[in-house]
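Shown next: structure_34.tsv, given as TSV, C-alpha atoms.
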chain	number	residue	atom	x	y	z
A	1407	MET	CA	34.04	-66.66	96.48
A	1408	ARG	CA	31.43	-68.85	94.87
A	1409	PRO	CA	31.21	-68.32	91.06
A	1410	ALA	CA	27.98	-66.94	89.70
A	1411	ALA	CA	25.57	-69.63	88.65
A	1412	THR	CA	24.81	-69.92	84.97
A	1413	PRO	CA	21.14	-69.12	84.38
A	1414	PRO	CA	19.17	-72.12	83.15
A	1415	THR	CA	18.24	-72.30	79.53
A	1416	THR	CA	14.61	-71.29	79.05
A	1417	SER	CA	12.14	-73.07	76.83
A	1418	ALA	CA	11.85	-69.97	74.63
A	1419	SER	CA	15.58	-69.94	73.85
A	1420	SER	CA	15.52	-73.69	73.19
A	1421	THR	CA	12.59	-73.26	70.82
A	1422	GLY	CA	14.41	-70.43	69.05
A	1423	ARG	CA	17.53	-72.56	68.56
A	1424	LEU	CA	15.43	-75.45	67.30
A	1425	LEU	CA	13.64	-73.24	64.78
A	1426	TRP	CA	16.94	-71.80	63.58
A	1427	THR	CA	18.43	-75.30	63.22
A	1428	ARG	CA	15.51	-76.39	61.08
A	1429	ALA	CA	15.27	-73.25	59.00
A	1430	ARG	CA	18.91	-72.37	58.42
A	1431	GLY	CA	19.21	-74.65	55.38
A	1432	LEU	CA	16.21	-73.08	53.66
A	1433	THR	CA	17.35	-69.61	54.71
A	1434	LEU	CA	20.80	-70.17	53.24
A	1435	ALA	CA	19.31	-71.48	49.99
A	1436	PHE	CA	16.99	-68.48	49.76
A	1437	VAL	CA	19.86	-66.05	50.39
A	1438	LEU	CA	21.99	-67.72	47.71
A	1439	LEU	CA	19.08	-67.67	45.25
A	1440	LEU	CA	18.42	-64.01	45.96
A	1441	ALA	CA	22.11	-63.13	45.60
A	1442	GLY	CA	22.26	-64.99	42.29
A	1443	ALA	CA	19.17	-63.22	40.99
A	1444	VAL	CA	20.55	-59.81	41.95
A	1445	THR	CA	23.92	-60.61	40.37
A	1446	LEU	CA	22.27	-61.81	37.16
A	1447	ALA	CA	20.07	-58.72	37.04
A	1448	VAL	CA	23.10	-56.45	37.47
A	1449	LEU	CA	25.08	-58.27	34.80
A	1450	ARG	CA	22.19	-58.16	32.33
A	1451	SER	CA	20.90	-54.71	33.20
A	1452	ASP	CA	22.88	-53.13	30.38
A	1453	ALA	CA	22.39	-55.93	27.86
A	1454	ARG	CA	19.48	-54.25	26.06
A	1455	HIS	CA	19.88	-50.72	27.33
A	1456	GLY	CA	19.12	-48.26	24.57
A	1457	ALA	CA	18.15	-50.91	22.01
A	1458	LEU	CA	17.40	-49.27	18.64
A	1459	ASP	CA	18.05	-45.85	20.19
A	1460	PRO	CA	20.02	-43.52	17.88
A	1461	ARG	CA	21.55	-41.88	20.96
A	1462	SER	CA	22.94	-45.15	22.34
A	1463	ALA	CA	26.45	-46.46	21.69
A	1464	ASP	CA	25.57	-49.92	23.07
A	1465	PRO	CA	25.99	-52.90	20.70
A	1466	SER	CA	22.21	-52.96	20.21
A	1467	GLY	CA	21.96	-49.19	19.90
A	1468	SER	CA	21.79	-47.21	16.64
A	1469	ARG	CA	24.10	-44.28	17.20
A	1470	ALA	CA	26.45	-45.32	14.38
A	1471	ILE	CA	23.80	-45.09	11.65
A	1472	ALA	CA	22.64	-41.74	13.05
A	1473	GLU	CA	26.17	-40.34	12.76
A	1474	LEU	CA	26.54	-41.69	9.23
A	1475	LEU	CA	23.26	-40.01	8.28
A	1476	ALA	CA	24.47	-36.75	9.82
A	1477	ASP	CA	27.58	-36.93	7.64
A	1478	HIS	CA	25.25	-37.14	4.63
A	1479	GLY	CA	23.23	-34.12	5.77
A	1480	VAL	CA	20.25	-35.99	7.26
A	1481	SER	CA	19.11	-34.77	10.66
A	1482	THR	CA	17.83	-37.29	13.24
A	1483	ARG	CA	15.30	-36.45	15.94
A	1484	VAL	CA	13.98	-38.84	18.58
A	1485	VAL	CA	10.31	-38.71	19.64
A	1486	THR	CA	8.49	-40.87	22.19
A	1487	SER	CA	4.85	-39.79	21.85
A	1488	LEU	CA	2.26	-40.46	19.19
A	1489	ALA	CA	1.41	-36.79	18.88
A	1490	GLU	CA	5.02	-35.91	17.94
A	1491	ALA	CA	5.18	-38.81	15.49
A	1492	ARG	CA	1.97	-37.73	13.75
A	1493	THR	CA	3.22	-34.15	13.48
A	1494	ALA	CA	6.48	-35.39	11.91
A	1495	ALA	CA	4.69	-37.09	9.00
A	1496	ARG	CA	5.71	-34.74	6.16
A	1497	PRO	CA	6.98	-35.16	2.56
A	1498	ASP	CA	10.59	-34.29	3.54
A	1499	THR	CA	10.68	-36.68	6.50
A	1500	THR	CA	11.31	-40.37	7.07
A	1501	LEU	CA	9.40	-41.66	10.09
A	1502	LEU	CA	10.97	-44.76	11.64
A	1503	VAL	CA	8.76	-46.70	14.08
A	1504	ALA	CA	11.16	-48.76	16.22
A	1505	THR	CA	8.74	-51.19	17.92
A	1506	PRO	CA	5.33	-51.02	16.22
A	1507	ASP	CA	3.90	-53.89	18.28
A	1508	LEU	CA	3.98	-51.70	21.40
A	1509	LEU	CA	1.31	-49.46	19.92
A	1510	THR	CA	-2.31	-50.08	20.82
A	1511	GLN	CA	-4.91	-50.55	18.12
A	1512	PRO	CA	-6.20	-46.95	18.37
A	1513	GLN	CA	-2.62	-45.66	18.23
A	1514	GLN	CA	-1.92	-47.71	15.12
A	1515	ASN	CA	-5.03	-46.39	13.41
A	1516	GLU	CA	-4.16	-42.77	14.26
A	1517	LEU	CA	-0.58	-43.15	13.06
A	1518	ARG	CA	-1.72	-44.74	9.80
A	1519	SER	CA	-4.19	-41.95	9.15
A	1520	SER	CA	-1.34	-39.42	9.48
A	1521	THR	CA	1.19	-41.25	7.30
A	1522	ALA	CA	-1.08	-42.62	4.56
A	1523	ASP	CA	-1.02	-39.53	2.33
A	1524	SER	CA	1.82	-37.56	3.92
A	1525	GLY	CA	4.15	-37.96	0.93
A	1526	GLY	CA	6.98	-39.05	3.23
A	1527	ARG	CA	8.48	-42.43	4.03
A	1528	THR	CA	7.40	-44.63	6.94
A	1529	LEU	CA	9.74	-47.43	8.00
A	1530	LEU	CA	8.34	-50.12	10.29
A	1531	VAL	CA	10.94	-52.19	12.14
A	1532	ALA	CA	9.93	-55.84	12.56
A	1533	PRO	CA	6.17	-55.37	12.91
A	1534	GLY	CA	4.30	-58.54	13.77
A	1535	SER	CA	0.75	-59.60	13.13
A	1536	PRO	CA	-0.72	-57.26	15.81
A	1537	SER	CA	0.50	-54.14	14.02
A	1538	VAL	CA	1.46	-54.78	10.39
A	1539	ASN	CA	-2.12	-55.08	9.15
A	1540	ALA	CA	-3.07	-51.72	10.63
A	1541	LEU	CA	0.10	-49.80	9.73
A	1542	ALA	CA	0.60	-51.36	6.31
A	1543	PRO	CA	-2.78	-52.48	4.91
A	1544	GLY	CA	-2.57	-55.44	2.59
A	1545	VAL	CA	0.52	-56.89	4.32
A	1546	SER	CA	0.45	-60.05	6.42
A	1547	ALA	CA	3.16	-61.39	8.72
A	1548	ASP	CA	4.11	-65.06	8.58
A	1549	PRO	CA	3.70	-66.70	12.02
A	1550	ALA	CA	7.11	-68.39	11.87
A	1551	ASP	CA	10.20	-66.17	11.95
A	1552	SER	CA	13.09	-66.99	9.69
A	1553	ARG	CA	16.73	-67.28	10.71
A	1554	ARG	CA	18.58	-64.00	10.41
A	1555	SER	CA	21.37	-64.42	7.88
A	1556	ALA	CA	22.96	-62.80	4.86
A	1557	LEU	CA	20.34	-62.73	2.11
A	1558	SER	CA	20.40	-61.53	-1.49
A	1559	PRO	CA	18.02	-58.75	-2.65
A	1560	ASP	CA	16.35	-60.63	-5.53
A	1561	CYS	CA	14.16	-57.61	-6.32
A	1562	ALA	CA	14.16	-54.47	-8.47
A	1563	LEU	CA	14.34	-51.97	-5.59
A	1564	PRO	CA	17.35	-49.72	-6.39
A	1565	ALA	CA	18.39	-49.35	-2.74
A	1566	ALA	CA	18.47	-53.11	-2.27
A	1567	ARG	CA	20.31	-53.78	-5.53
A	1568	ARG	CA	23.00	-51.21	-4.67
A	1569	ALA	CA	23.42	-52.56	-1.12
A	1570	GLY	CA	23.63	-56.18	-2.26
A	1571	THR	CA	23.72	-58.92	0.33
A	1572	ALA	CA	22.56	-57.80	3.77
A	1573	GLU	CA	21.87	-59.45	7.10
A	1574	THR	CA	18.13	-59.45	7.12
A	1575	GLY	CA	15.60	-62.14	8.00
A	1576	GLY	CA	13.35	-62.27	11.05
A	1577	VAL	CA	9.66	-61.70	10.28
A	1578	ARG	CA	8.58	-62.63	6.75
A	1579	TYR	CA	5.77	-60.90	4.90
A	1580	THR	CA	3.31	-61.41	2.09
A	1581	THR	CA	1.33	-58.70	0.31
A	1582	ASN	CA	-1.34	-58.38	-2.35
A	1583	HIS	CA	-0.30	-54.84	-3.34
A	1584	PRO	CA	0.43	-54.83	-7.09
A	1585	GLY	CA	3.26	-52.27	-6.97
A	1586	ALA	CA	5.11	-53.63	-3.92
A	1587	ASP	CA	8.83	-54.50	-4.02
A	1588	GLU	CA	9.46	-57.83	-2.26
A	1589	CYS	CA	13.14	-58.06	-1.33
A	1590	TYR	CA	15.53	-60.36	0.53
A	1591	PRO	CA	13.32	-63.46	0.37
A	1592	SER	CA	13.74	-66.21	2.93
A	1593	GLU	CA	12.03	-69.46	1.96
A	1594	HIS	CA	10.16	-67.59	-0.79
A	1595	LEU	CA	8.76	-64.93	1.57
A	1596	ALA	CA	10.09	-61.36	1.65
A	1597	THR	CA	11.82	-59.94	4.70
A	1598	LEU	CA	11.79	-56.39	3.28
A	1599	LEU	CA	8.82	-54.79	1.55
A	1600	ARG	CA	8.39	-51.41	-0.08
A	1601	ILE	CA	4.76	-50.39	-0.61
A	1602	PRO	CA	4.18	-47.15	-2.52
A	1603	ASP	CA	1.39	-44.86	-1.41
A	1604	THR	CA	-1.68	-44.70	-3.60
A	1605	SER	CA	-1.14	-40.94	-4.08
A	1606	GLY	CA	2.02	-38.86	-3.99
A	1607	ASP	CA	5.66	-39.92	-3.71
A	1608	GLY	CA	5.47	-41.48	-0.27
A	1609	ASP	CA	5.96	-45.12	0.59
A	1610	THR	CA	6.04	-47.57	3.49
A	1611	ILE	CA	9.02	-49.83	4.19
A	1612	VAL	CA	8.44	-52.99	6.23
A	1613	LEU	CA	11.71	-54.42	7.62
A	1614	GLY	CA	11.62	-57.92	9.09
A	1615	ALA	CA	14.55	-57.54	11.51
A	1616	PRO	CA	16.38	-54.59	13.11
A	1617	ASP	CA	19.88	-56.07	12.70
A	1618	ILE	CA	21.04	-53.70	9.95
A	1619	LEU	CA	20.42	-50.77	12.35
A	1620	TYR	CA	22.49	-52.12	15.27
A	1621	ASN	CA	25.89	-50.64	15.99
A	1622	GLU	CA	27.51	-54.08	16.20
A	1623	ARG	CA	26.10	-55.24	12.83
A	1624	LEU	CA	26.37	-52.08	10.75
A	1625	ASP	CA	29.76	-52.96	9.23
A	1626	GLU	CA	28.69	-56.46	8.12
A	1627	GLN	CA	27.81	-57.28	4.49
A	1628	GLY	CA	25.80	-54.43	2.90
A	1629	ASN	CA	24.01	-53.46	6.12
A	1630	ALA	CA	25.34	-49.90	6.25
A	1631	SER	CA	24.53	-49.20	2.60
A	1632	LEU	CA	21.02	-50.56	2.90
A	1633	ALA	CA	20.33	-48.65	6.14
A	1634	LEU	CA	21.68	-45.38	4.70
A	1635	GLN	CA	19.53	-45.64	1.58
A	1636	LEU	CA	16.37	-46.60	3.46
A	1637	LEU	CA	16.75	-43.82	6.07
A	1638	GLY	CA	18.49	-41.16	4.01
A	1639	SER	CA	16.04	-40.63	1.18
A	1640	ARG	CA	14.62	-37.51	2.94
A	1641	ALA	CA	16.33	-34.58	4.59
A	1642	HIS	CA	14.91	-35.35	8.04
A	1643	LEU	CA	14.62	-38.57	10.00
A	1644	VAL	CA	12.23	-38.83	12.94
A	1645	TRP	CA	13.00	-41.84	15.11
A	1646	TYR	CA	9.84	-42.87	16.97
A	1647	LEU	CA	10.45	-44.94	20.11
A	1648	PRO	CA	6.97	-45.87	21.40
A	1649	SER	CA	6.67	-45.49	25.16
A	1650	LEU	CA	4.32	-47.23	27.54
A	1651	SER	CA	3.96	-43.94	29.43
A	1652	ASP	CA	2.41	-42.23	26.41
A	1653	THR	CA	-1.02	-40.93	27.43
A	1654	SER	CA	-2.42	-41.84	24.02
A	1655	ALA	CA	-2.01	-45.51	24.93
A	1656	THR	CA	-5.28	-45.29	26.91
A	1657	THR	CA	-8.08	-46.70	24.80
A	1658	GLN	CA	-11.37	-44.95	24.22
A	1659	ASP	CA	-13.07	-47.44	26.50
A	1660	GLY	CA	-10.98	-46.27	29.44
A	1661	GLU	CA	-8.28	-48.04	31.39
A	1662	LYS	CA	-8.16	-51.80	31.19
A	1663	ASP	CA	-8.11	-53.99	34.25
A	1664	PHE	CA	-5.34	-56.41	35.14
A	1665	LEU	CA	-6.81	-59.41	33.31
A	1666	ASP	CA	-7.18	-57.40	30.09
A	1667	LEU	CA	-3.47	-56.59	30.15
A	1668	LEU	CA	-2.42	-60.23	30.46
A	1669	PRO	CA	-1.67	-62.06	27.20
A	1670	SER	CA	-4.11	-64.84	26.38
A	1671	GLY	CA	-1.33	-67.41	26.66
A	1672	TRP	CA	-0.87	-66.64	30.36
A	1673	LEU	CA	-4.56	-67.20	31.04
A	1674	TRP	CA	-4.57	-70.55	29.22
A	1675	GLY	CA	-1.34	-71.55	30.96
A	1676	THR	CA	-2.82	-70.74	34.38
A	1677	LEU	CA	-5.92	-72.79	33.57
A	1678	GLN	CA	-3.77	-75.75	32.52
A	1679	LEU	CA	-1.72	-75.51	35.73
A	1680	PHE	CA	-4.93	-75.44	37.77
A	1681	LEU	CA	-6.26	-78.55	36.01
A	1682	ALA	CA	-2.91	-80.31	36.49
A	1683	ALA	CA	-2.93	-79.47	40.21
A	1684	LEU	CA	-6.52	-80.73	40.50
A	1685	LEU	CA	-5.65	-84.02	38.79
A	1686	ALA	CA	-2.57	-84.43	40.99
A	1687	ALA	CA	-4.69	-83.84	44.10
A	1688	LEU	CA	-7.24	-86.45	42.96
A	1689	TRP	CA	-4.44	-88.90	42.18
A	1690	ARG	CA	-2.75	-88.47	45.57
A	1691	ALA	CA	-6.07	-88.56	47.46
A	1692	ARG	CA	-7.31	-91.80	45.90
A	1693	ARG	CA	-8.69	-94.52	48.18
A	1694	LEU	CA	-8.19	-98.12	47.08
A	1695	GLY	CA	-10.10	-99.61	50.02
A	1696	PRO	CA	-10.59	-99.35	53.79
A	1697	LEU	CA	-7.64	-98.48	56.00
A	1698	VAL	CA	-5.76	-101.50	57.35
A	1699	PRO	CA	-4.92	-101.36	61.06
A	1700	GLU	CA	-1.27	-101.97	61.82
A	1701	ASN	CA	0.08	-103.03	65.18
A	1702	LEU	CA	2.97	-101.11	66.66
A	1703	PRO	CA	6.27	-103.01	66.44
A	1704	VAL	CA	7.04	-102.31	70.11
A	1705	ALA	CA	4.63	-101.85	73.01
A	1706	ILE	CA	5.67	-98.92	75.22
A	1707	ARG	CA	4.40	-98.66	78.77
A	1708	ALA	CA	2.61	-95.49	79.74
A	1709	SER	CA	5.03	-94.92	82.61
A	1710	GLU	CA	7.97	-94.83	80.21
A	1711	THR	CA	6.19	-92.25	78.09
A	1712	VAL	CA	5.56	-90.10	81.16
A	1713	GLU	CA	9.17	-90.42	82.32
A	1714	GLY	CA	10.47	-89.59	78.86
A	1715	ARG	CA	8.36	-86.46	78.62
A	1716	ALA	CA	9.45	-85.47	82.14
A	1717	ARG	CA	13.10	-85.79	81.17
A	1718	LEU	CA	12.50	-83.60	78.12
A	1719	TYR	CA	10.81	-80.96	80.28
A	1720	ARG	CA	13.71	-81.09	82.75
A	1721	LYS	CA	16.35	-80.88	80.01
A	1722	ALA	CA	14.64	-77.84	78.51
A	1723	ALA	CA	13.99	-76.30	81.96
A	1724	ALA	CA	10.35	-76.01	80.90
A	1725	ARG	CA	8.89	-75.77	84.38
A	1726	ASP	CA	6.08	-73.60	83.08
A	1727	ARG	CA	4.91	-76.27	80.64
A	1728	ALA	CA	5.32	-79.05	83.20
A	1729	ALA	CA	3.30	-77.14	85.80
A	1730	ALA	CA	0.61	-76.34	83.20
A	1731	ALA	CA	0.36	-80.04	82.28
A	1732	LEU	CA	0.09	-81.08	85.96
A	1733	ARG	CA	-2.59	-78.50	86.72
A	1734	SER	CA	-4.58	-79.26	83.54
A	1735	THR	CA	-4.60	-82.99	84.32
A	1736	ALA	CA	-5.62	-82.36	87.94
A	1737	ARG	CA	-8.51	-80.09	86.89
A	1738	THR	CA	-9.66	-82.67	84.33
A	1739	ARG	CA	-9.79	-85.41	87.01
A	1740	LEU	CA	-11.38	-83.19	89.68
A	1741	ALA	CA	-14.22	-81.88	87.51
A	1742	PRO	CA	-16.31	-85.10	87.33
A	1743	LEU	CA	-15.76	-85.70	91.06
A	1744	LEU	CA	-17.21	-82.27	91.84
A	1745	GLY	CA	-20.06	-82.46	89.35
A	1746	VAL	CA	-18.58	-79.86	87.00
A	1747	PRO	CA	-19.14	-80.45	83.24
A	1748	ALA	CA	-16.00	-81.41	81.33
A	1749	PRO	CA	-16.05	-78.29	79.05
A	1750	GLN	CA	-15.94	-76.07	82.21
A	1751	ALA	CA	-13.19	-78.01	83.98
A	1752	HIS	CA	-10.60	-75.32	83.21
A	1753	SER	CA	-12.81	-72.36	84.14
A	1754	PRO	CA	-12.08	-70.92	87.61
A	1755	GLU	CA	-15.63	-69.53	87.87
A	1756	ALA	CA	-17.09	-73.06	87.57
A	1757	LEU	CA	-14.47	-75.27	89.23
A	1758	LEU	CA	-13.42	-73.29	92.33
A	1759	PRO	CA	-16.90	-72.71	93.82
A	1760	ALA	CA	-17.66	-76.43	93.52
A	1761	LEU	CA	-14.30	-77.32	95.09
A	1762	SER	CA	-14.80	-74.89	98.02
A	1763	ALA	CA	-18.29	-76.22	98.67
A	1764	HIS	CA	-16.97	-79.78	98.72
A	1765	LEU	CA	-13.95	-79.19	100.97
A	1766	HIS	CA	-15.06	-76.09	102.87
A	1767	GLY	CA	-11.55	-74.74	102.32
A	1768	ASP	CA	-9.86	-71.47	101.43
A	1769	GLY	CA	-10.79	-70.52	97.88
A	1770	GLN	CA	-7.74	-68.27	97.46
A	1771	SER	CA	-5.28	-71.06	98.18
A	1772	GLN	CA	-7.17	-73.41	95.88
A	1773	HIS	CA	-7.07	-70.82	93.08
A	1774	SER	CA	-3.30	-70.41	93.53
A	1775	LEU	CA	-2.85	-74.18	93.49
A	1776	LEU	CA	-4.94	-74.90	90.37
A	1777	PHE	CA	-4.56	-71.66	88.37
A	1778	GLY	CA	-1.51	-69.96	89.85
A	1779	PRO	CA	1.75	-68.84	88.24
A	1780	PRO	CA	4.47	-71.33	87.22
A	1781	PRO	CA	6.94	-72.38	89.93
A	1782	GLY	CA	10.29	-70.67	90.07
A	1783	ASP	CA	12.50	-73.75	90.58
A	1784	ASP	CA	12.44	-77.54	90.56
A	1785	THR	CA	11.73	-77.73	94.30
A	1786	ALA	CA	8.61	-75.64	93.88
A	1787	LEU	CA	7.54	-77.78	90.93
A	1788	THR	CA	7.89	-80.95	93.04
A	1789	ALA	CA	5.91	-79.34	95.85
A	1790	LEU	CA	3.19	-78.37	93.37
A	1791	ALA	CA	2.89	-81.97	92.17
A	1792	ASP	CA	2.61	-83.22	95.79
A	1793	GLN	CA	-0.03	-80.62	96.63
A	1794	LEU	CA	-2.12	-81.52	93.57
A	1795	ASP	CA	-1.97	-85.21	94.50
A	1796	ALA	CA	-3.00	-84.39	98.08
A	1797	LEU	CA	-5.90	-82.27	96.84
A	1798	GLU	CA	-7.15	-85.04	94.60
A	1799	ARG	CA	-6.93	-87.60	97.42
A	1800	GLU	CA	-8.84	-85.31	99.72
A	1801	VAL	CA	-11.62	-84.85	97.15
A	1802	ARG	CA	-11.83	-88.59	96.59
A	1803	ARG	CA	-12.02	-89.29	100.34
A	1804	PRO	CA	-15.57	-90.44	101.33
Can I see the file as structure tokens?
Amino acid sequence: MRPAATPPTTSASSTGRLLWTRARGLTLAFVLLLAGAVTLAVLRSDARHGALDPRSADPSGSRAIAELLADHGVSTRVVTSLAEARTAARPDTTLLVATPDLLTQPQQNELRSSTADSGGRTLLVAPGSPSVNALAPGVSADPADSRRSALSPDCALPAARRAGTAETGGVRYTTNHPGADECYPSEHLATLLRIPDTSGDGDTIVLGAPDILYNERLDEQGNASLALQLLGSRAHLVWYLPSLSDTSATTQDGEKDFLDLLPSGWLWGTLQLFLAALLAALWRARRLGPLVPENLPVAIRASETVEGRARLYRKAAARDRAAAALRSTARTRLAPLLGVPAPQAHSPEALLPALSAHLHGDGQSQHSLLFGPPPGDDTALTALADQLDALEREVRRP
């Protein structure tokens, strides 16, 4: 019994293998890059989870100080909206604002109006220039942060003197308030400020770094003592964690568009990249003179080129492409002989009527010959080539 013949490899499968061969290196690199990014994201997903959250036991959380305050009779409540924070501003309450820079300008103004004469204590954790001027008028943040290290109080604030050396640092501040306590100086600028309210017994504490509130740093130096005294001066502590989902974050002018939400540095960086790309394009597209013609090192005969392409078609079993090339060439040569314009050489409506009028032949057979389906095997392809040659000779015959 004769074994079943293996079906010939089609041009589509050859093209697919060729594309895979070319793209597999890039695909593998992309897969490895994606896997590395996912792995890194998983490993770092918990690195800052619950940062400055009194409910979190993570190294950067603040559960330890909350439990110490509870042992001293101070209750801790977490709020995430501006409305709750404003309501909590009372004489018997310390309001801690964990990330003041997340607040919008209208939010900062509203919070300041509630805490200014509340008689309680407001503690701002590492506010920068965007927020410190609004939440603590008369205070300015130095643009350069200091290194966080163990610093001495060097001030008359009782809480700082009792705590002694503490790991502060971070943002440094200057103030023109006459009754302010400037503590833990770093390069002659304070990293902890206490500003008394103009009326009542309230005050505002500006802390340059959150380190003394972290679980992992609480037992270092005098961090625990300083944190307890700053947060435990009132019976209640309200821990405000600003949230981007807070509805009060919407400004009075309505929602901002995408460009308004981008920091100015990104816009300038994009402009610089655009200019750099433009200069690189001009550099690579420069013309130093006319193009110089260059002779080919080897002259290749046209017949060798045809034979080489034919071998490639045969190796890929691309009979459809070979037949299409033969028919296209035949139509291109027949069109001027029949008086058909070159742009219409491949249009059956223009070429076939002229061919039938010239040869007085069967239009159906001519249509099948010039525009028919691809041959099914090599024998049919050879017969097609012979028939096209015979047709061209017949047209050229006087």
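Nearest residue to Arg1725 (chain A) among A:Ser1753, A:Ser1762, A:Thr1785, A:Ser1546 is A:Thr1785, counting all atoms listed in the file.
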Env of Leu1634 (chain A): 12 Å cut, atoms = only C-alpha atoms, seq-sep filter 2 positions within chain, self excluded. Answer as a tab-separated table (two decimals) with C-alpha atoms, keeping the file's coordinate frame.
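Contents of the output file part_38.tsv:
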chain	number	residue	atom	x	y	z
A	1470	ALA	CA	26.45	-45.32	14.38
A	1471	ILE	CA	23.80	-45.09	11.65
A	1472	ALA	CA	22.64	-41.74	13.05
A	1473	GLU	CA	26.17	-40.34	12.76
A	1474	LEU	CA	26.54	-41.69	9.23
A	1475	LEU	CA	23.26	-40.01	8.28
A	1476	ALA	CA	24.47	-36.75	9.82
A	1477	ASP	CA	27.58	-36.93	7.64
A	1478	HIS	CA	25.25	-37.14	4.63
A	1479	GLY	CA	23.23	-34.12	5.77
A	1480	VAL	CA	20.25	-35.99	7.26
A	1500	THR	CA	11.31	-40.37	7.07
A	1565	ALA	CA	18.39	-49.35	-2.74
A	1566	ALA	CA	18.47	-53.11	-2.27
A	1568	ARG	CA	23.00	-51.21	-4.67
A	1569	ALA	CA	23.42	-52.56	-1.12
A	1618	ILE	CA	21.04	-53.70	9.95
A	1619	LEU	CA	20.42	-50.77	12.35
A	1624	LEU	CA	26.37	-52.08	10.75
A	1625	ASP	CA	29.76	-52.96	9.23
A	1628	GLY	CA	25.80	-54.43	2.90
A	1629	ASN	CA	24.01	-53.46	6.12
A	1630	ALA	CA	25.34	-49.90	6.25
A	1631	SER	CA	24.53	-49.20	2.60
A	1632	LEU	CA	21.02	-50.56	2.90
A	1636	LEU	CA	16.37	-46.60	3.46
A	1637	LEU	CA	16.75	-43.82	6.07
A	1638	GLY	CA	18.49	-41.16	4.01
A	1639	SER	CA	16.04	-40.63	1.18
A	1640	ARG	CA	14.62	-37.51	2.94
A	1643	LEU	CA	14.62	-38.57	10.00
List as a count of residues only the protein and nucleic acid residues near Leu1509 (chain A), meaning an atom at most 12 Å away when all atoms listed in the file are counted, but skip any in the same chain fewer than 5 places from it.
30
For region 1726-1734 of chain A, find every residue with an atom within 9 Å (counting only C-alpha atoms), except residues of its own chain fewer than 6 positions away, and show them as a ChimeraX atom specification.
/A:1417,1716,1719-1720,1751-1752,1775-1777,1779-1782,1787,1790-1791,1794
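From CA of Pro1602 (chain A) back to CA of Ser1552 (chain A), the distance works out to 24.9 Å.
CA of Glu1798 (chain A) to CA of Arg1717 (chain A) spans 24.3 Å [interatomic distance, one decimal].
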Tell me which of A:Trp1689, A:Trp1674, A:Trp1645, A:Phe1436 sits closest to Pro1460 (chain A), counting only C-alpha atoms.
A:Trp1645
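One finds CA of Gly1608 (chain A) at 7.3 Å from CA of Asp1523 (chain A).
The residue that comes closest to Cys1589 (chain A), out of A:Thr1574, A:Leu1613, A:Cys1561, A:Ser1535 and on the basis of only C-alpha atoms, is A:Cys1561.
Nearest residue to Arg1802 (chain A), choosing from A:Ala1789, A:Leu1677, A:Leu1529, A:Leu1765 and counting all atoms listed in the file: A:Leu1765.
Among the candidate residues A:Gly1526, A:Gly1431, A:Pro1749, A:Pro1742, the one lying nearest to Asp1607 (chain A) is A:Gly1526, with distances computed using all atoms listed in the file.
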With all atoms of region 1492-1507 of chain A from the file as input, state the centre and edge lengths in Å to one decimal of the axis-aligned box that has 8 Å extra on each side, as lines of an AutoDock Vina configuration file.
center_x = 6.6
center_y = -44.0
center_z = 10.4
size_x = 25.3
size_y = 35.7
size_z = 31.7
Would you kindly return, as a PyMOL selection string, each protein, DNA or RNA residue with an atom no farther than 12 Å from any atom of Ser1519 (chain A), considering only C-alpha atoms and excluding same-chain residues fewer than 6 positions away?
chain A and resi 1491-1493+1495+1512-1513+1540-1543
When distances are computed from all atoms listed in the file, which of A:Glu1593, A:Asp1587, A:Glu1622, A:Glu1800 shows the smallest separation from Leu1744 (chain A)?
A:Glu1800
Local residues around (1.2, -50.9, 2.9), at most 9 Å away, using all atoms listed in the file, as a PyMOL selection string
chain A and resi 1522+1538-1545+1581+1583+1586+1599-1603+1609-1612
If we draw a sphere of 6 Å around (19.3, -61.4, 7.7), which residues have at least one atom in it when counting only C-alpha atoms? Please report them as a ChimeraX atom specification.
/A:1554-1557,1573-1575
As a short mmCIF file (atom, residue, chain, number, x, y, z; two decimals), in the frame of the given file, could you write out region 1716-1722 of chain A once it has been completed with N, CA and C atoms?
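That gives us out-v4.cif:
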data_model
loop_
_atom_site.label_atom_id
_atom_site.label_comp_id
_atom_site.auth_asym_id
_atom_site.auth_seq_id
_atom_site.Cartn_x
_atom_site.Cartn_y
_atom_site.Cartn_z
N ALA A 1716 8.92 -86.21 80.98
CA ALA A 1716 9.45 -85.47 82.14
C ALA A 1716 10.92 -85.13 81.96
N ARG A 1717 11.68 -86.07 81.41
CA ARG A 1717 13.10 -85.79 81.17
C ARG A 1717 13.27 -84.67 80.14
N LEU A 1718 12.42 -84.68 79.12
CA LEU A 1718 12.50 -83.60 78.12
C LEU A 1718 12.18 -82.25 78.74
N TYR A 1719 11.14 -82.21 79.59
CA TYR A 1719 10.81 -80.96 80.28
C TYR A 1719 11.97 -80.50 81.15
N ARG A 1720 12.60 -81.46 81.86
CA ARG A 1720 13.71 -81.09 82.75
C ARG A 1720 14.92 -80.61 81.95
N LYS A 1721 15.21 -81.29 80.83
CA LYS A 1721 16.35 -80.88 80.01
C LYS A 1721 16.17 -79.49 79.43
N ALA A 1722 14.92 -79.16 79.07
CA ALA A 1722 14.64 -77.84 78.51
C ALA A 1722 14.31 -76.80 79.57
#
